[in-house]
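Visitor: Take a look at this one; I'll ask things after.
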Amino acid sequence: MTQPEKLLSVFKGAPVELKCNYSYSGVPSLFWYVQYSSQSLQLLLKDLTKATQVKGIRGFEAEFKKSETSFYLRKPSTHVSDAAEYFCAVGD
């Protein structure tokens, strides 16, 4: 798993997109996690069904692009409360 964006600044109300690239020989299960300041890691969303679009919590959604081996996390309008660290993971 690699996340090209190490640090991303976004204006309040603007959309955000984070990309996660993976290398996996089987059919992957893909996950996005979030860690807010002074809190433990929380599951934001997961794709176990291999759906193209996945809905998560707090208005986040993800898009699985098998042809690019990428899993995109998106939110159409960000809030100050979205400031956090975001992590992607892959499993079987």
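In the structure tokens, the first chain shown is A, the next is B, and so on; residue numbers restart at 1 for each chain, and ligands run from 1 in the order shown.
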For the structure I just gave you, how does DSSP split chain A - specifically, which residues are strand (DSSP E)? Reply as a PyMOL selection string.

Guide: chain A and resi 16-21+29-35+42-47+53-55+61-65+70-75+85-91

Visitor: So that I can see what lies close to A:Leu48, please list as a ChimeraX atom specification the residues with an atom at most 12 Å from it, counting only C-alpha atoms and leaving out residues fewer than 3 positions away in the same chain.

Guide: /A:27-32,45,51-54,64,90-92

Visitor: So which residues touch A:Tyr36 within 12 Å, counting only C-alpha atoms, skipping near sequence neighbours fewer than 5 positions away, as a list in words?

Guide: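 Answer for this query is Leu41, Gln42, Leu43, Leu44, Val80, Ser81, Asp82, Ala83, Ala84, Glu85, Tyr86 and Phe87 of chain A.
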
Visitor: I need the residue nearest A:Ala14 from this list: A:Lys65, A:Thr2, A:His79, A:Leu73. Use only C-alpha atoms for the distance.

Guide: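 Smallest distance to A:Ala14 is found for A:His79.
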
Visitor: Between A:Ser40, A:Asn21, A:Thr69, A:Ser77, which residue has the minimum interatomic distance to A:Ala89, considering only C-alpha atoms?

Guide: A:Asn21

Visitor: Could you jot down the atom CA of A:Asp47 to atom CA of A:Tyr22 separation for me, Å, one decimal place?

Guide: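 If I compute the distance from atom CA of A:Asp47 to atom CA of A:Tyr22, I get 13.7 Å.
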
Visitor: If we count only C-alpha atoms, what is near A:Lys19 at a cut-off of 9 Å, once residues fewer than 5 positions away on the same chain are taken out, given as a list in words?

Guide: Thr2, Gln3, Pro4, Glu5, Ser70, Phe71, Tyr72, Leu73, Arg74 and Cys88 of chain A

Visitor: If I take atom CA of A:Lys46 and atom CA of A:Lys12, how far is one from the other in Å, to one decimal?

Guide: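 Distance between the two atoms: 25.3 Å.
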
Visitor: Nearest residue to A:Gly13 out of A:Lys75, A:Ser25, A:Gly56, A:Glu68, using only C-alpha atoms?

Guide: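 Smallest separation from A:Gly13 among the options: A:Lys75.
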